[in-house]
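Input: a single structure, listed below in structure tokens.
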Amino acid sequence: MLKTTKLSLNIVLPLLLVLWCIIAQAATQQEKTPDPFEQNRLLARGVNLGNALEARKEGQMGVVLEDKYFELIKNAGFNSVRIPVRWSAHALPEYPYTIEPAFFDRVDWAVKNTLDRNLRVVLNMHHYRELEENPEKHSKRFLELWQQIAEHYKNYPDSLLLEFLNEPCRKLDAEKWNLLAKQTLNLVRQSNPNRTIVIGPGNWNNLAYLDRLQLPEDDRNIIVTCHYYSPFNFTHQGASWVDADSDQWLGTTWTGTEEQKQDVIKDFDTIDAWAKKNNRPIYIGEFGAYSKADMPSRALWTDFVARQAEERNFNWAYWEFCAGFGIYDRKKNDWNHPLLNALIPPK
Ligand code: GLC
């Protein structure tokens with residue numbers, strides 16, 4: 001009798017201990033998983049450090065990041081920074097696709113400078129052109145790059161968010177993107193179970209593609225991003241990199257007519273309806289009007305779009321800091337005040 005009790009205790013006690021460990025671990029995990037709506041709220045008002053680390057080589061798109069930019073952004077009243085990064089240009093083309101340590105150092109420097117100022121970071125993968133052109137060939141490399149990035153940042157605080165891919169497009173269509181995003185999430189979750197992830201719909205993060213975006217129901221720690229550049233012939237007039245003849249749009253203004261406002265309102269209502277139905281927080285990760293448009297129009301549009309976003313609890317990042325859409329003029333060493341005031345209205 002005594003022997004049987006002892007035996008069963010020998011079995012039951014370790015089992016109980018294991019069970020307790022599993023429950024405790026699950027509980028801490030749950031405790032540490034941030035609320036994505038709160039994470040999104042904290043992004044609040046942000047700016048993209050564009051045309052810098054998403055160039056093939058920093059500087060080739062006109063911007064080399066400087067220490068003082070982070071200070072300027074903080075002091076102007078922004079809450080977050082989106083850092084676009086062209087990882088694909090800084091990694092081995094063949095397996096094991098190792099990311100250059102010196103490039104990691106450079107990105108780390110930008111991330112640290114941002115976090116040190118109590119600004120939150122959305123770190124993305126930008127301009128992986130080869131993937132957009134040939135998803136079959138490049139998906140494996142994309143996943144291996146994410147494996148390294150996820151591992152590298154796994155111990156960073158909640159204030160670092162990871163965005164899988166800027167503007168999936170071309171041959172990486174909505175269906176292929178759904179599959180690849182899911183695979184990336186499974187992979188990143190192994191090292192970053194509590195990291196808030198940013199994912200946007202196909203066709204250049206277009207709101208019209210939200211309905212085709214499929215996210216795993218059981219992973220709630222995701223923020224959904226859309227980019228907003230409508231009307232395109234206004235925001236991209238004279239932009240040499242777009243497919244259309246954008247010079248013919250030069251001179252297009254945005255004066256905030258009732259019709260122009262209603263177009264924006266309708267778009268934002270569409271996003272909002274999707275967000276409510278799917279219970280996901282929304283981040284407008286890019287919006288902006290190129291410098292070839294006139295400044296009064298740019299300021300009016302920027303103010304209107306930012307306020308429409310805020311009214312719906314979307315948080316945002318303006319495209320971008322100091323290049324062609326810039327809110328900061330590097331030559332004058334001063335803000336483009338109408339744009340800055342549009343983004344962060346003076347009290
Ligand atoms: C997208 C592109 C970026 C471009 C911006 C505005 O983010 O990746 O290069 O400047 O949109 O067109």
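We name chains A, B, ... following the order of the structure tokens; residues begin at 1 in each chain, and ligands are numbered from 1 as shown.
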Residues flagged strand (DSSP E or B) by DSSP in range 180-279 of chain A, as a list in words: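 Residues of range 180-279 of chain A classed as strand (DSSP E or B): Ile197, Val198, Ile199, Ile222, Ile223, Val224, Thr225, Cys226, His227 and Tyr228 of chain A.
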Go ahead and dump the residues you just picked, C-alpha atoms, as a JSON list (two decimals), in the first residue's frame.
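Contents of the output file result38.json:
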[["chain", "number", "residue", "atom", "x", "y", "z"],
["A", 197, "ILE", "CA", 3.99, 42.89, -36.34],
["A", 198, "VAL", "CA", 2.87, 45.26, -39.09],
["A", 199, "ILE", "CA", 1.35, 43.78, -42.26],
["A", 222, "ILE", "CA", -0.75, 42.55, -35.62],
["A", 223, "ILE", "CA", -1.25, 46.11, -36.85],
["A", 224, "VAL", "CA", -2.56, 46.52, -40.38],
["A", 225, "THR", "CA", -0.97, 49.19, -42.54],
["A", 226, "CYS", "CA", -2.30, 51.04, -45.60],
["A", 227, "HIS", "CA", -0.53, 53.71, -47.65],
["A", 228, "TYR", "CA", -2.46, 56.74, -48.78]]
Residues within 9 Å of Asn124 in chain A, only C-alpha atoms, excluding chain neighbours under 2 positions, as number ranges by chain: A: 82-86, 122, 126, 161-166, 198
Selection as a VMD selection string: residues within 10 Å of ligand 1 by only C-alpha atoms and all ligand atoms: chain A and resid 48 50 to 51 54 to 55 61 84 126 to 128 166 to 168 204 to 205 227 to 229 232 235 to 236 239 to 242 285 to 290 319 to 320 323 to 325
Selection near Thr302 in chain A, 10 Å with only C-alpha atoms, sequence-local residues under 4 positions removed, as a PyMOL selection string: chain A and resi 287-289+296-298+306-308+318+338-343
Export, as a PDB file, in the first residue's frame, the selected residues with C-alpha atoms.
ATOM      1  CA  PHE A 287       1.103  59.344 -46.914  1.00  0.00           C
ATOM      2  CA  GLY A 288       2.502  62.495 -48.432  1.00  0.00           C
ATOM      3  CA  ALA A 289       2.562  64.796 -51.445  1.00  0.00           C
ATOM      4  CA  PRO A 296      -0.447  75.435 -49.878  1.00  0.00           C
ATOM      5  CA  SER A 297      -2.085  72.378 -51.492  1.00  0.00           C
ATOM      6  CA  ARG A 298       0.387  69.991 -49.876  1.00  0.00           C
ATOM      7  CA  ALA A 306      -3.776  63.370 -40.834  1.00  0.00           C
ATOM      8  CA  ARG A 307      -6.929  64.604 -39.038  1.00  0.00           C
ATOM      9  CA  GLN A 308      -9.160  62.103 -40.846  1.00  0.00           C
ATOM     10  CA  TYR A 318       4.288  60.860 -42.968  1.00  0.00           C
ATOM     11  CA  PRO A 338       3.528  74.602 -43.360  1.00  0.00           C
ATOM     12  CA  LEU A 339       3.960  70.821 -43.577  1.00  0.00           C
ATOM     13  CA  LEU A 340       5.160  70.394 -40.020  1.00  0.00           C
ATOM     14  CA  ASN A 341       2.241  72.494 -38.754  1.00  0.00           C
ATOM     15  CA  ALA A 342      -0.122  70.408 -40.855  1.00  0.00           C
ATOM     16  CA  LEU A 343       1.157  67.236 -39.227  1.00  0.00           C
TER      17      LEU A 343
END
With a distance cut-off of 12 Å and only C-alpha atoms, select the neighbouring residues of Glu133 in chain A, excluding the residue or stretch itself and same-chain residues fewer than 3 positions from it, and output the selection as a PDB file with N, CA and C atoms, in the first residue's frame.
ATOM      1  N   HIS A 127      11.705  47.759 -50.708  1.00  0.00           N
ATOM      2  CA  HIS A 127      12.325  47.650 -52.047  1.00  0.00           C
ATOM      3  C   HIS A 127      13.028  46.321 -52.300  1.00  0.00           C
ATOM      4  N   TYR A 128      12.390  45.213 -51.924  1.00  0.00           N
ATOM      5  CA  TYR A 128      12.967  43.932 -52.339  1.00  0.00           C
ATOM      6  C   TYR A 128      12.413  43.660 -53.741  1.00  0.00           C
ATOM      7  N   ARG A 129      12.965  44.377 -54.723  1.00  0.00           N
ATOM      8  CA  ARG A 129      12.483  44.353 -56.109  1.00  0.00           C
ATOM      9  C   ARG A 129      12.484  42.944 -56.701  1.00  0.00           C
ATOM     10  N   GLU A 130      13.578  42.198 -56.420  1.00  0.00           N
ATOM     11  CA  GLU A 130      13.719  40.864 -57.024  1.00  0.00           C
ATOM     12  C   GLU A 130      12.592  39.950 -56.549  1.00  0.00           C
ATOM     13  N   GLU A 136       8.671  33.297 -56.726  1.00  0.00           N
ATOM     14  CA  GLU A 136       9.018  31.874 -56.610  1.00  0.00           C
ATOM     15  C   GLU A 136      10.489  31.731 -56.250  1.00  0.00           C
ATOM     16  N   LYS A 137      11.310  32.511 -56.932  1.00  0.00           N
ATOM     17  CA  LYS A 137      12.744  32.374 -56.720  1.00  0.00           C
ATOM     18  C   LYS A 137      13.179  33.001 -55.384  1.00  0.00           C
ATOM     19  N   HIS A 138      12.538  34.094 -54.980  1.00  0.00           N
ATOM     20  CA  HIS A 138      13.091  34.854 -53.860  1.00  0.00           C
ATOM     21  C   HIS A 138      12.415  34.649 -52.508  1.00  0.00           C
ATOM     22  N   SER A 139      11.309  33.880 -52.466  1.00  0.00           N
ATOM     23  CA  SER A 139      10.618  33.716 -51.175  1.00  0.00           C
ATOM     24  C   SER A 139      11.516  33.078 -50.114  1.00  0.00           C
ATOM     25  N   PRO A 168       3.791  45.201 -51.021  1.00  0.00           N
ATOM     26  CA  PRO A 168       3.873  44.031 -51.889  1.00  0.00           C
ATOM     27  C   PRO A 168       3.195  44.350 -53.224  1.00  0.00           C
ATOM     28  N   CYS A 169       3.825  43.992 -54.323  1.00  0.00           N
ATOM     29  CA  CYS A 169       3.267  44.412 -55.614  1.00  0.00           C
ATOM     30  C   CYS A 169       3.790  43.543 -56.745  1.00  0.00           C
ATOM     31  N   ARG A 170       3.459  43.953 -57.942  1.00  0.00           N
ATOM     32  CA  ARG A 170       3.843  43.256 -59.179  1.00  0.00           C
ATOM     33  C   ARG A 170       3.483  41.769 -59.106  1.00  0.00           C
ATOM     34  N   LYS A 171       4.484  40.889 -59.316  1.00  0.00           N
ATOM     35  CA  LYS A 171       4.132  39.461 -59.377  1.00  0.00           C
ATOM     36  C   LYS A 171       3.863  38.870 -57.993  1.00  0.00           C
ATOM     37  N   LEU A 172       4.248  39.596 -56.970  1.00  0.00           N
ATOM     38  CA  LEU A 172       3.875  39.150 -55.622  1.00  0.00           C
ATOM     39  C   LEU A 172       2.440  39.646 -55.402  1.00  0.00           C
ATOM     40  N   ASP A 173       1.491  38.907 -55.957  1.00  0.00           N
ATOM     41  CA  ASP A 173       0.103  39.369 -55.909  1.00  0.00           C
ATOM     42  C   ASP A 173      -0.519  39.064 -54.539  1.00  0.00           C
TER      43      ASP A 173
END
Using only C-alpha atoms, find each residue in range 127-243 of chain A having at least one atom no more than 10 Å away from range 107-119 of chain A; report its shortest atom-to-atom pair and that distance in Å (one decimal), rows by chain then rising number, as a Markdown table.
| residue | atom | partner | partner_atom | distance |
| --- | --- | --- | --- | --- |
| A:His152 | CA | A:Asp108 | CA | 9.7 |
| A:Tyr153 | CA | A:Asp108 | CA | 9.2 |
| A:Tyr156 | CA | A:Leu115 | CA | 9.9 |
| A:Pro157 | CA | A:Leu115 | CA | 9.2 |
| A:Ser159 | CA | A:Leu115 | CA | 7.4 |
| A:Leu160 | CA | A:Leu115 | CA | 8.0 |
May I have the selected residues written with N, CA and C atoms, as an mmCIF file, in the first residue's frame?
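File produced: again37.cif:
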data_model
loop_
_atom_site.group_PDB
_atom_site.id
_atom_site.type_symbol
_atom_site.label_atom_id
_atom_site.label_comp_id
_atom_site.auth_asym_id
_atom_site.auth_seq_id
_atom_site.Cartn_x
_atom_site.Cartn_y
_atom_site.Cartn_z
ATOM 1 N N HIS A 152 17.974 38.700 -34.548
ATOM 2 C CA HIS A 152 18.804 39.841 -34.152
ATOM 3 C C HIS A 152 18.072 40.786 -33.181
ATOM 4 N N TYR A 153 16.784 40.980 -33.414
ATOM 5 C CA TYR A 153 16.051 41.966 -32.602
ATOM 6 C C TYR A 153 15.153 41.345 -31.535
ATOM 7 N N TYR A 156 14.824 43.066 -28.143
ATOM 8 C CA TYR A 156 14.503 44.499 -28.095
ATOM 9 C C TYR A 156 13.141 44.697 -27.424
ATOM 10 N N PRO A 157 12.930 45.905 -26.885
ATOM 11 C CA PRO A 157 11.658 46.156 -26.178
ATOM 12 C C PRO A 157 10.454 46.200 -27.137
ATOM 13 N N SER A 159 8.752 48.518 -27.928
ATOM 14 C CA SER A 159 8.688 49.753 -28.716
ATOM 15 C C SER A 159 9.318 49.598 -30.090
ATOM 16 N N LEU A 160 9.847 48.424 -30.377
ATOM 17 C CA LEU A 160 10.294 48.106 -31.744
ATOM 18 C C LEU A 160 9.259 47.200 -32.394
#
Å distance separating CA of Pro231 in chain A from CA of Ala76 in chain A, one decimal place: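 We find that CA of Pro231 in chain A and CA of Ala76 in chain A lie 27.6 Å from each other.
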Gap from CA of Asp303 in chain A to CA of Ala275 in chain A - Å, one decimal: 22.3 Å
Shortest interatomic distance to Gly251 in chain A - which of A:Ala293, A:Ala174, A:Leu300, A:Ala181, counting only C-alpha atoms: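 Going through A:Ala293, A:Ala174, A:Leu300, A:Ala181 one by one, the smallest distance to Gly251 in chain A is for A:Ala293.
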